[in-house]
Structures are given as structure tokens and as C-alpha cells.
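Below: final_12.cif (mmCIF, C-alpha atoms)
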```cif
data_data
#
loop_
_atom_site.label_atom_id
_atom_site.label_comp_id
_atom_site.auth_asym_id
_atom_site.auth_seq_id
_atom_site.Cartn_x
_atom_site.Cartn_y
_atom_site.Cartn_z
CA MET F 1 103.23 94.57 77.58
CA SER F 2 106.72 93.51 78.58
CA VAL F 3 106.90 90.26 80.55
CA THR F 4 110.05 88.65 81.90
CA VAL F 5 110.28 85.55 84.07
CA GLU F 6 113.63 84.48 85.48
CA ILE F 7 114.87 81.53 87.54
CA HIS F 8 118.17 82.30 89.29
CA PRO F 9 120.39 79.39 90.38
CA ASP F 10 122.75 81.88 92.11
CA ASP F 11 122.37 84.97 94.31
CA PHE F 12 120.92 87.91 92.36
CA ASP F 13 120.46 91.64 92.99
CA PRO F 14 116.68 92.25 92.86
CA TRP F 15 117.01 96.03 92.54
CA ALA F 16 119.38 95.81 89.59
CA SER F 17 116.97 93.30 88.08
CA VAL F 18 114.06 95.77 88.48
CA GLN F 19 116.06 98.61 86.93
CA GLN F 20 116.96 96.47 83.95
CA ALA F 21 113.37 95.28 83.41
CA GLU F 22 112.11 98.86 83.66
CA GLN F 23 114.12 99.83 80.58
CA ALA F 24 111.61 97.88 78.46
CA ILE F 25 108.62 99.92 79.70
CA PRO F 26 107.82 103.16 77.80
CA ALA F 27 109.12 105.91 80.12
CA GLN F 28 106.31 108.42 79.48
CA ALA F 29 103.56 105.88 80.25
CA ARG F 30 104.85 104.17 83.38
CA GLY F 31 103.09 106.23 86.01
CA ALA F 32 103.30 103.55 88.68
CA ALA F 33 105.61 100.73 89.64
CA SER F 34 105.01 98.27 92.44
CA VAL F 35 107.82 96.04 93.67
CA PHE F 36 107.92 93.18 96.14
CA VAL F 37 111.23 91.66 97.23
CA GLY F 38 111.22 88.62 99.51
CA ARG F 39 114.43 87.54 101.24
CA MET F 40 115.41 84.55 103.32
CA ARG F 41 114.97 85.06 107.09
CA ASP F 42 117.27 83.38 109.61
CA PHE F 43 114.26 82.10 111.59
CA ASN F 44 111.04 80.18 110.91
CA GLU F 45 108.47 78.81 113.36
CA ASP F 46 110.63 79.96 116.32
CA GLU F 47 113.72 78.10 115.13
CA THR F 48 117.00 79.40 113.76
CA VAL F 49 117.43 78.56 110.10
CA THR F 50 120.97 78.61 108.72
CA GLY F 51 120.28 77.73 105.08
CA LEU F 52 117.60 76.87 102.57
CA PHE F 53 117.44 74.59 99.55
CA LEU F 54 114.89 75.60 96.92
CA GLU F 55 113.76 72.93 94.49
CA HIS F 56 111.71 73.60 91.35
CA TYR F 57 110.27 71.78 88.34
CA PRO F 58 112.26 73.06 85.36
CA GLY F 59 109.87 73.82 82.52
CA MET F 60 106.66 73.71 84.51
CA THR F 61 107.81 76.38 86.96
CA GLU F 62 108.46 78.89 84.17
CA ARG F 63 105.16 78.01 82.49
CA GLU F 64 103.21 78.44 85.73
CA LEU F 65 104.82 81.84 86.38
CA GLU F 66 103.94 82.93 82.84
CA ARG F 67 100.37 81.68 83.31
CA ILE F 68 100.02 83.61 86.59
CA VAL F 69 101.33 86.79 84.95
CA ALA F 70 98.94 86.33 82.00
CA GLU F 71 96.06 85.99 84.47
CA ALA F 72 97.04 89.34 86.05
CA GLU F 73 97.48 90.93 82.64
CA ALA F 74 93.90 89.96 81.73
CA ARG F 75 92.59 91.55 84.92
CA TRP F 76 94.57 94.80 85.23
CA PRO F 77 95.85 97.30 82.62
CA LEU F 78 99.56 96.55 83.01
CA LEU F 79 102.48 97.89 81.01
CA GLY F 80 104.97 95.37 82.26
CA CYS F 81 105.68 92.60 84.70
CA HIS F 82 108.94 91.11 85.91
CA VAL F 83 109.11 87.99 88.10
CA ALA F 84 112.35 86.46 89.36
CA HIS F 85 112.78 83.53 91.74
CA ARG F 86 115.82 81.95 93.30
CA VAL F 87 116.51 78.19 93.32
CA GLY F 88 119.30 76.03 94.77
CA GLU F 89 121.25 76.61 97.98
CA VAL F 90 120.23 79.90 99.60
CA ARG F 91 121.76 81.79 102.55
CA PRO F 92 119.99 84.11 105.02
CA GLY F 93 119.62 87.58 103.52
CA ASP F 94 119.63 86.36 99.91
CA ALA F 95 116.76 87.47 97.69
CA LEU F 96 114.22 84.66 97.14
CA VAL F 97 111.52 86.28 95.08
CA LEU F 98 110.95 89.48 93.13
CA VAL F 99 107.66 90.65 91.63
CA ALA F 100 107.54 94.01 89.86
CA THR F 101 104.59 95.46 87.97
CA TRP F 102 104.18 98.65 85.98
CA SER F 103 100.99 100.43 85.05
CA ALA F 104 99.79 103.94 84.29
CA HIS F 105 98.15 104.12 87.71
CA ARG F 106 98.94 102.95 91.25
CA VAL F 107 95.99 100.67 92.01
CA ALA F 108 96.55 98.37 89.02
CA ALA F 109 100.30 98.14 89.69
CA ARG F 110 99.84 97.47 93.42
CA ASP F 111 96.94 95.01 93.16
CA ALA F 112 98.53 93.03 90.30
CA CYS F 113 101.84 92.79 92.20
CA SER F 114 100.07 91.44 95.29
CA HIS F 115 97.94 89.03 93.24
CA ILE F 116 100.93 87.60 91.37
CA LEU F 117 102.88 87.05 94.60
CA GLU F 118 100.01 85.25 96.33
CA ARG F 119 99.28 83.03 93.31
CA LEU F 120 103.00 82.24 92.99
CA LYS F 121 103.15 81.13 96.62
CA HIS F 122 100.15 78.80 96.22
CA GLU F 123 100.55 77.50 92.68
CA ALA F 124 104.09 77.75 91.29
CA PRO F 125 106.11 74.53 91.76
CA PHE F 126 108.81 75.52 94.24
CA TRP F 127 109.65 73.67 97.47
CA LYS F 128 111.77 74.81 100.42
CA ARG F 129 113.93 72.58 102.62
CA GLU F 130 115.36 74.31 105.68
CA ARG F 131 118.70 73.62 107.36
CA LEU F 132 118.39 74.17 111.13
CA ALA F 133 121.08 75.27 113.58
CA ASP F 134 121.67 71.67 114.78
CA GLY F 135 122.46 70.59 111.21
CA SER F 136 119.16 68.78 110.58
CA ASP F 137 116.96 69.42 107.54
CA ARG F 138 113.18 69.76 107.25
CA TRP F 139 110.86 70.34 104.29
CA VAL F 140 108.61 73.35 104.75
CA GLU F 141 105.07 71.95 104.69
CA GLN F 142 103.26 75.23 104.07
CA ASN F 143 103.96 78.91 103.61
CA THR F 144 103.33 81.33 106.44
CA PRO F 145 100.06 83.28 106.17
CA GLY F 146 100.55 86.67 104.55
CA THR F 147 100.95 88.56 107.84
CA MET O 1 100.96 52.51 77.35
CA THR O 2 104.08 54.16 78.73
CA VAL O 3 104.25 57.28 80.89
CA SER O 4 107.12 59.03 82.62
CA VAL O 5 106.56 59.82 86.28
CA HIS O 6 108.45 62.51 88.21
CA TYR O 7 108.60 63.12 91.96
CA PHE O 8 109.65 66.29 93.74
CA ALA O 9 110.79 67.52 97.15
CA ARG O 10 109.84 65.40 100.20
CA LEU O 11 108.13 62.79 97.98
CA ARG O 12 111.29 62.39 95.87
CA GLU O 13 113.35 61.81 99.02
CA GLU O 14 110.87 59.42 100.65
CA LEU O 15 110.48 57.31 97.51
CA GLY O 16 114.21 57.39 96.82
CA ARG O 17 113.76 58.26 93.16
CA GLN O 18 113.22 61.30 90.99
CA GLU O 19 111.81 59.68 87.88
CA GLU O 20 110.50 56.37 86.56
CA GLN O 21 109.01 54.97 83.37
CA ALA O 22 105.73 53.14 83.92
CA GLU O 23 104.37 50.46 81.57
CA LEU O 24 100.61 50.18 82.03
CA PRO O 25 97.78 48.08 80.63
CA GLY O 26 95.01 49.91 78.73
CA ASP O 27 95.17 53.29 77.04
CA SER O 28 94.01 55.71 79.76
CA LEU O 29 93.72 55.99 83.52
CA THR O 30 93.46 58.82 86.06
CA VAL O 31 96.20 60.51 88.08
CA ALA O 32 94.87 58.75 91.20
CA GLU O 33 94.72 55.35 89.48
CA LEU O 34 98.29 55.72 88.26
CA TRP O 35 99.47 56.43 91.82
CA GLN O 36 97.53 53.39 93.10
CA HIS O 37 99.09 51.22 90.38
CA LEU O 38 102.62 52.36 91.15
CA HIS O 39 102.45 52.41 94.95
CA GLN O 40 99.72 49.84 95.80
CA GLN O 41 97.88 52.38 97.98
CA PRO O 42 95.63 55.41 97.53
CA PRO O 43 97.25 58.82 96.98
CA PRO O 44 98.29 60.51 100.25
CA ALA O 45 96.38 63.54 101.55
CA ARG O 46 97.36 66.90 100.04
CA LEU O 47 99.11 65.26 97.09
CA MET O 48 99.50 67.65 94.14
CA ALA O 49 100.00 66.57 90.56
CA ALA O 50 100.72 67.81 87.06
CA VAL O 51 100.18 66.20 83.65
CA ASN O 52 102.45 67.42 80.85
CA GLN O 53 103.64 70.24 83.14
CA GLU O 54 100.16 71.62 83.78
CA GLN O 55 98.31 71.51 87.09
CA ALA O 56 96.13 68.41 87.33
CA GLY O 57 93.59 66.91 89.70
CA LEU O 58 93.36 63.32 90.93
CA ASP O 59 90.73 62.63 88.24
CA THR O 60 92.73 64.11 85.34
CA PRO O 61 93.22 61.49 82.61
CA VAL O 62 96.69 60.18 81.79
CA ARG O 63 97.46 58.81 78.33
CA ASP O 64 100.30 57.13 76.48
CA GLY O 65 103.42 59.30 76.33
CA ASP O 66 102.32 61.72 79.07
CA GLU O 67 104.64 63.23 81.66
CA VAL O 68 103.08 62.96 85.12
CA ALA O 69 104.49 64.65 88.23
CA TYR O 70 103.55 64.13 91.88
CA PHE O 71 104.57 66.57 94.58
CA PRO O 72 103.69 67.95 98.03
CA PRO O 73 102.04 71.38 98.48
CA VAL O 74 104.23 74.10 96.99
CA THR O 75 106.15 76.50 99.24
CA GLY O 76 107.80 79.07 96.98
CA GLY O 77 108.04 82.83 97.36
#
```
Write the structure described by the file as C-alpha cells, please.
Amino acid sequence: MSVTVEIHPDDFDPWASVQQAEQAIPAQARGAASVFVGRMRDFNEDETVTGLFLEHYPGMTERELERIVAEAEARWPLLGCHVAHRVGEVRPGDALVLVATWSAHRVAARDACSHILERLKHEAPFWKRERLADGSDRWVEQNTPGT
Amino acid sequence: MTVSVHYFARLREELGRQEEQAELPGDSLTVAELWQHLHQQPPPARLMAAVNQEQAGLDTPVRDGDEVAYFPPVTGG
């Protein structure tokens, strides 16, 4: 199983990242790929957001992402998994998070992708601070529900 | 014993520091007891912690040389 975990301090192209990771998966076996790309919105809780600062815990963040992927690997028959996350100063429209999973069949790929994303949001040490239109900053206290 | 303590996000800003070395009596205490020792009050609600870069609870033991981190609920993704 091919696993890659990346922390990006600068803007990255999630689709190019997926294509590159896919090269490591045996072409004849990869019947299904599931990809989630999350980008920064320009609004949150009814307010305009002009920028975002993403803090992480270097070392622990990578270990937690690897642990979450290993948990998924133990539960579903995966061929590969690629997780990338942005840190630092982020602008609206920039990619924040990428989760891609490959399996022989669709259900494993789709369920593992969803599982990894939800665990990442609740367990991986990342924190968002929003810059509002009036120039003030606020730490995001909790993620939006998955709806 | 000596431990290094790290703070992240809102906690780091409110406390005005990212990291400190703590000299403590004895050879073990819990994550909650370490917070009490350093800040003279019980841990705040919803405090999260890690010991040696692994998720920890308030009752996780802390020993000489450990790296302890305190942070608010995570908001990645």
C-alpha cells in the first residue's frame, strides 16, 4: 500500500498532487479512486472572511495523519492513500485539504476517504484563525458539522 | 524532573508564549497536575493535550524529559 502525507506551507494544486500520487498505485488493480478536496470559503458563520492562518504541530501533525491513515488501512482493503494539508497564510479559493484513496472497489475507496477526512478534522492538530473583513482576527472554535 | 511544555493556537496567544521548560518536584505527575502547577488553576474546559506528540488525556502520566503540549480543540480540514 502506498501512503503519502504532505504538509504544504504554500499554495498547492490538489489535482496535480492526486495525479502524482496515483503513479505509485498499480494501474491494473486500481479499480476505484475517491478524492476529497476542501478549499477556503470567503464566508463563515455569516461573516465575510478575507484570509486564514493555519497553525499546526510539526512532527505530531504528520504522525497523527499517518496514524489515521493506518487506522483506515486496517479497516478497508486499500491500495493507496494520499493526504495533503495546507498550513500558513491562506487566501480564499486556496486548497486546504486533500484526501485521496485507491482500492479495487468503490465502497472501500469512498468509505475510507470519508473516514480519514472526518478523523482528520477531529483529531489532527491543526488550528484555523480567520481574518474578517474589518481587519479583526478570530480563532475558529469548532469545525462546521459535515453538512 | 524537567519537561518541555508547548502551547498552540489561541492558548499560545493568550499565555504569550509558545514553549517553556518546567522544573518539577517528584518523578511523575498527570497532564492535569502539570497544568495546575504551571498556571495555579485547574485546566480549562475542552483543553486538549499531547505527551511526546501523542494524544493524551488529563490523567496521562508525565515523566522526566517528556514533551507536553496543550491546545484548544482542533479545527483542521
Skip region 104-115 of chain F itself and residues of its chain fewer than 6 positions away, then list as a count of residues only all residues within 9 Å of it, counting only C-alpha atoms.
18
Using all atoms listed in the file, select each residue of chain F with any atom at most 12 Å away from an atom of chain O, and give the selection as a PDB file with C-alpha atoms, keeping the file's coordinate frame.
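The resulting file, selection.pdb, is shown below:
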```
ATOM      1  CA  PHE F  36     107.920  93.180  96.140  1.00  0.00           C
ATOM      2  CA  VAL F  37     111.230  91.660  97.230  1.00  0.00           C
ATOM      3  CA  GLY F  38     111.220  88.620  99.510  1.00  0.00           C
ATOM      4  CA  ARG F  39     114.430  87.540 101.240  1.00  0.00           C
ATOM      5  CA  MET F  40     115.410  84.550 103.320  1.00  0.00           C
ATOM      6  CA  LEU F  52     117.600  76.870 102.570  1.00  0.00           C
ATOM      7  CA  PHE F  53     117.440  74.590  99.550  1.00  0.00           C
ATOM      8  CA  LEU F  54     114.890  75.600  96.920  1.00  0.00           C
ATOM      9  CA  GLU F  55     113.760  72.930  94.490  1.00  0.00           C
ATOM     10  CA  HIS F  56     111.710  73.600  91.350  1.00  0.00           C
ATOM     11  CA  TYR F  57     110.270  71.780  88.340  1.00  0.00           C
ATOM     12  CA  PRO F  58     112.260  73.060  85.360  1.00  0.00           C
ATOM     13  CA  GLY F  59     109.870  73.820  82.520  1.00  0.00           C
ATOM     14  CA  MET F  60     106.660  73.710  84.510  1.00  0.00           C
ATOM     15  CA  THR F  61     107.810  76.380  86.960  1.00  0.00           C
ATOM     16  CA  GLU F  62     108.460  78.890  84.170  1.00  0.00           C
ATOM     17  CA  ARG F  63     105.160  78.010  82.490  1.00  0.00           C
ATOM     18  CA  GLU F  64     103.210  78.440  85.730  1.00  0.00           C
ATOM     19  CA  LEU F  65     104.820  81.840  86.380  1.00  0.00           C
ATOM     20  CA  GLU F  66     103.940  82.930  82.840  1.00  0.00           C
ATOM     21  CA  ARG F  67     100.370  81.680  83.310  1.00  0.00           C
ATOM     22  CA  VAL F  83     109.110  87.990  88.100  1.00  0.00           C
ATOM     23  CA  ALA F  84     112.350  86.460  89.360  1.00  0.00           C
ATOM     24  CA  HIS F  85     112.780  83.530  91.740  1.00  0.00           C
ATOM     25  CA  ARG F  86     115.820  81.950  93.300  1.00  0.00           C
ATOM     26  CA  VAL F  87     116.510  78.190  93.320  1.00  0.00           C
ATOM     27  CA  ALA F  95     116.760  87.470  97.690  1.00  0.00           C
ATOM     28  CA  LEU F  96     114.220  84.660  97.140  1.00  0.00           C
ATOM     29  CA  VAL F  97     111.520  86.280  95.080  1.00  0.00           C
ATOM     30  CA  LEU F  98     110.950  89.480  93.130  1.00  0.00           C
ATOM     31  CA  VAL F  99     107.660  90.650  91.630  1.00  0.00           C
ATOM     32  CA  SER F 114     100.070  91.440  95.290  1.00  0.00           C
ATOM     33  CA  ILE F 116     100.930  87.600  91.370  1.00  0.00           C
ATOM     34  CA  LEU F 117     102.880  87.050  94.600  1.00  0.00           C
ATOM     35  CA  GLU F 118     100.010  85.250  96.330  1.00  0.00           C
ATOM     36  CA  ARG F 119      99.280  83.030  93.310  1.00  0.00           C
ATOM     37  CA  LEU F 120     103.000  82.240  92.990  1.00  0.00           C
ATOM     38  CA  LYS F 121     103.150  81.130  96.620  1.00  0.00           C
ATOM     39  CA  HIS F 122     100.150  78.800  96.220  1.00  0.00           C
ATOM     40  CA  GLU F 123     100.550  77.500  92.680  1.00  0.00           C
ATOM     41  CA  ALA F 124     104.090  77.750  91.290  1.00  0.00           C
ATOM     42  CA  PRO F 125     106.110  74.530  91.760  1.00  0.00           C
ATOM     43  CA  PHE F 126     108.810  75.520  94.240  1.00  0.00           C
ATOM     44  CA  TRP F 127     109.650  73.670  97.470  1.00  0.00           C
ATOM     45  CA  LYS F 128     111.770  74.810 100.420  1.00  0.00           C
ATOM     46  CA  ARG F 129     113.930  72.580 102.620  1.00  0.00           C
ATOM     47  CA  GLU F 130     115.360  74.310 105.680  1.00  0.00           C
ATOM     48  CA  ASP F 137     116.960  69.420 107.540  1.00  0.00           C
ATOM     49  CA  ARG F 138     113.180  69.760 107.250  1.00  0.00           C
ATOM     50  CA  TRP F 139     110.860  70.340 104.290  1.00  0.00           C
ATOM     51  CA  VAL F 140     108.610  73.350 104.750  1.00  0.00           C
ATOM     52  CA  GLU F 141     105.070  71.950 104.690  1.00  0.00           C
ATOM     53  CA  GLN F 142     103.260  75.230 104.070  1.00  0.00           C
ATOM     54  CA  ASN F 143     103.960  78.910 103.610  1.00  0.00           C
ATOM     55  CA  THR F 144     103.330  81.330 106.440  1.00  0.00           C
ATOM     56  CA  PRO F 145     100.060  83.280 106.170  1.00  0.00           C
ATOM     57  CA  GLY F 146     100.550  86.670 104.550  1.00  0.00           C
TER      58      GLY F 146
END
```
If you count all atoms listed in the file, which residues fall within 10 Å of region 20-23 of chain O, apart from same-chain ones fewer than 6 positions away, as number ranges by chain?
O: 1-7, 34, 37-38, 64-65, 67
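The coordinates place CA of Thr30 (chain O) at 12.2 Å from CA of Pro42 (chain O).
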CA of Asp59 (chain O) to CA of Leu11 (chain O): how many Å, to one decimal?
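According to the coordinates, CA of Asp59 (chain O) and CA of Leu11 (chain O) are separated by 19.9 Å.
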Taking N, CA and C atoms as the atom set, what does region 53-75 of chain O look like once completed, written as a PDB file, in the frame of the given file?
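Generated output (selection06.pdb):
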```pdb
ATOM      1  N   GLN O  53     103.193  68.964  82.559  1.00  0.00           N
ATOM      2  CA  GLN O  53     103.640  70.240  83.140  1.00  0.00           C
ATOM      3  C   GLN O  53     102.507  71.247  83.322  1.00  0.00           C
ATOM      4  N   GLU O  54     101.271  70.748  83.426  1.00  0.00           N
ATOM      5  CA  GLU O  54     100.160  71.620  83.780  1.00  0.00           C
ATOM      6  C   GLU O  54      99.451  71.056  84.995  1.00  0.00           C
ATOM      7  N   GLN O  55      99.000  71.939  85.884  1.00  0.00           N
ATOM      8  CA  GLN O  55      98.310  71.510  87.090  1.00  0.00           C
ATOM      9  C   GLN O  55      97.212  70.503  86.756  1.00  0.00           C
ATOM     10  N   ALA O  56      97.129  69.451  87.576  1.00  0.00           N
ATOM     11  CA  ALA O  56      96.130  68.410  87.330  1.00  0.00           C
ATOM     12  C   ALA O  56      95.470  68.023  88.650  1.00  0.00           C
ATOM     13  N   GLY O  57      94.281  67.423  88.527  1.00  0.00           N
ATOM     14  CA  GLY O  57      93.590  66.910  89.700  1.00  0.00           C
ATOM     15  C   GLY O  57      93.740  65.395  89.738  1.00  0.00           C
ATOM     16  N   LEU O  58      93.236  64.776  90.796  1.00  0.00           N
ATOM     17  CA  LEU O  58      93.360  63.320  90.930  1.00  0.00           C
ATOM     18  C   LEU O  58      92.572  62.602  89.833  1.00  0.00           C
ATOM     19  N   ASP O  59      91.543  63.277  89.272  1.00  0.00           N
ATOM     20  CA  ASP O  59      90.730  62.630  88.240  1.00  0.00           C
ATOM     21  C   ASP O  59      91.149  63.009  86.817  1.00  0.00           C
ATOM     22  N   THR O  60      92.241  63.756  86.690  1.00  0.00           N
ATOM     23  CA  THR O  60      92.730  64.110  85.340  1.00  0.00           C
ATOM     24  C   THR O  60      93.189  62.851  84.610  1.00  0.00           C
ATOM     25  N   PRO O  61      92.796  62.691  83.347  1.00  0.00           N
ATOM     26  CA  PRO O  61      93.220  61.490  82.610  1.00  0.00           C
ATOM     27  C   PRO O  61      94.693  61.528  82.220  1.00  0.00           C
ATOM     28  N   VAL O  62      95.293  60.350  82.202  1.00  0.00           N
ATOM     29  CA  VAL O  62      96.690  60.180  81.790  1.00  0.00           C
ATOM     30  C   VAL O  62      96.692  59.242  80.591  1.00  0.00           C
ATOM     31  N   ARG O  63      97.445  59.633  79.538  1.00  0.00           N
ATOM     32  CA  ARG O  63      97.460  58.810  78.330  1.00  0.00           C
ATOM     33  C   ARG O  63      98.893  58.471  77.932  1.00  0.00           C
ATOM     34  N   ASP O  64      98.994  57.599  76.949  1.00  0.00           N
ATOM     35  CA  ASP O  64     100.300  57.130  76.480  1.00  0.00           C
ATOM     36  C   ASP O  64     101.220  58.317  76.151  1.00  0.00           C
ATOM     37  N   GLY O  65     102.437  58.268  76.648  1.00  0.00           N
ATOM     38  CA  GLY O  65     103.420  59.300  76.330  1.00  0.00           C
ATOM     39  C   GLY O  65     103.397  60.510  77.259  1.00  0.00           C
ATOM     40  N   ASP O  66     102.427  60.554  78.186  1.00  0.00           N
ATOM     41  CA  ASP O  66     102.320  61.720  79.070  1.00  0.00           C
ATOM     42  C   ASP O  66     103.454  61.778  80.092  1.00  0.00           C
ATOM     43  N   GLU O  67     103.712  63.006  80.555  1.00  0.00           N
ATOM     44  CA  GLU O  67     104.640  63.230  81.660  1.00  0.00           C
ATOM     45  C   GLU O  67     103.802  63.592  82.884  1.00  0.00           C
ATOM     46  N   VAL O  68     103.878  62.744  83.911  1.00  0.00           N
ATOM     47  CA  VAL O  68     103.080  62.960  85.120  1.00  0.00           C
ATOM     48  C   VAL O  68     104.025  63.307  86.256  1.00  0.00           C
ATOM     49  N   ALA O  69     103.664  64.306  87.063  1.00  0.00           N
ATOM     50  CA  ALA O  69     104.490  64.650  88.230  1.00  0.00           C
ATOM     51  C   ALA O  69     103.617  64.633  89.470  1.00  0.00           C
ATOM     52  N   TYR O  70     104.203  64.111  90.572  1.00  0.00           N
ATOM     53  CA  TYR O  70     103.550  64.130  91.880  1.00  0.00           C
ATOM     54  C   TYR O  70     104.427  64.934  92.829  1.00  0.00           C
ATOM     55  N   PHE O  71     103.774  65.782  93.641  1.00  0.00           N
ATOM     56  CA  PHE O  71     104.570  66.570  94.580  1.00  0.00           C
ATOM     57  C   PHE O  71     103.731  67.045  95.773  1.00  0.00           C
ATOM     58  N   PRO O  72     104.405  67.414  96.874  1.00  0.00           N
ATOM     59  CA  PRO O  72     103.690  67.950  98.030  1.00  0.00           C
ATOM     60  C   PRO O  72     103.258  69.392  97.759  1.00  0.00           C
ATOM     61  N   PRO O  73     102.439  69.981  98.662  1.00  0.00           N
ATOM     62  CA  PRO O  73     102.040  71.380  98.480  1.00  0.00           C
ATOM     63  C   PRO O  73     103.261  72.274  98.250  1.00  0.00           C
ATOM     64  N   VAL O  74     103.101  73.258  97.366  1.00  0.00           N
ATOM     65  CA  VAL O  74     104.230  74.100  96.990  1.00  0.00           C
ATOM     66  C   VAL O  74     104.500  75.163  98.064  1.00  0.00           C
ATOM     67  N   THR O  75     105.758  75.554  98.172  1.00  0.00           N
ATOM     68  CA  THR O  75     106.150  76.500  99.240  1.00  0.00           C
ATOM     69  C   THR O  75     107.143  77.544  98.722  1.00  0.00           C
TER      70      THR O  75
END
```
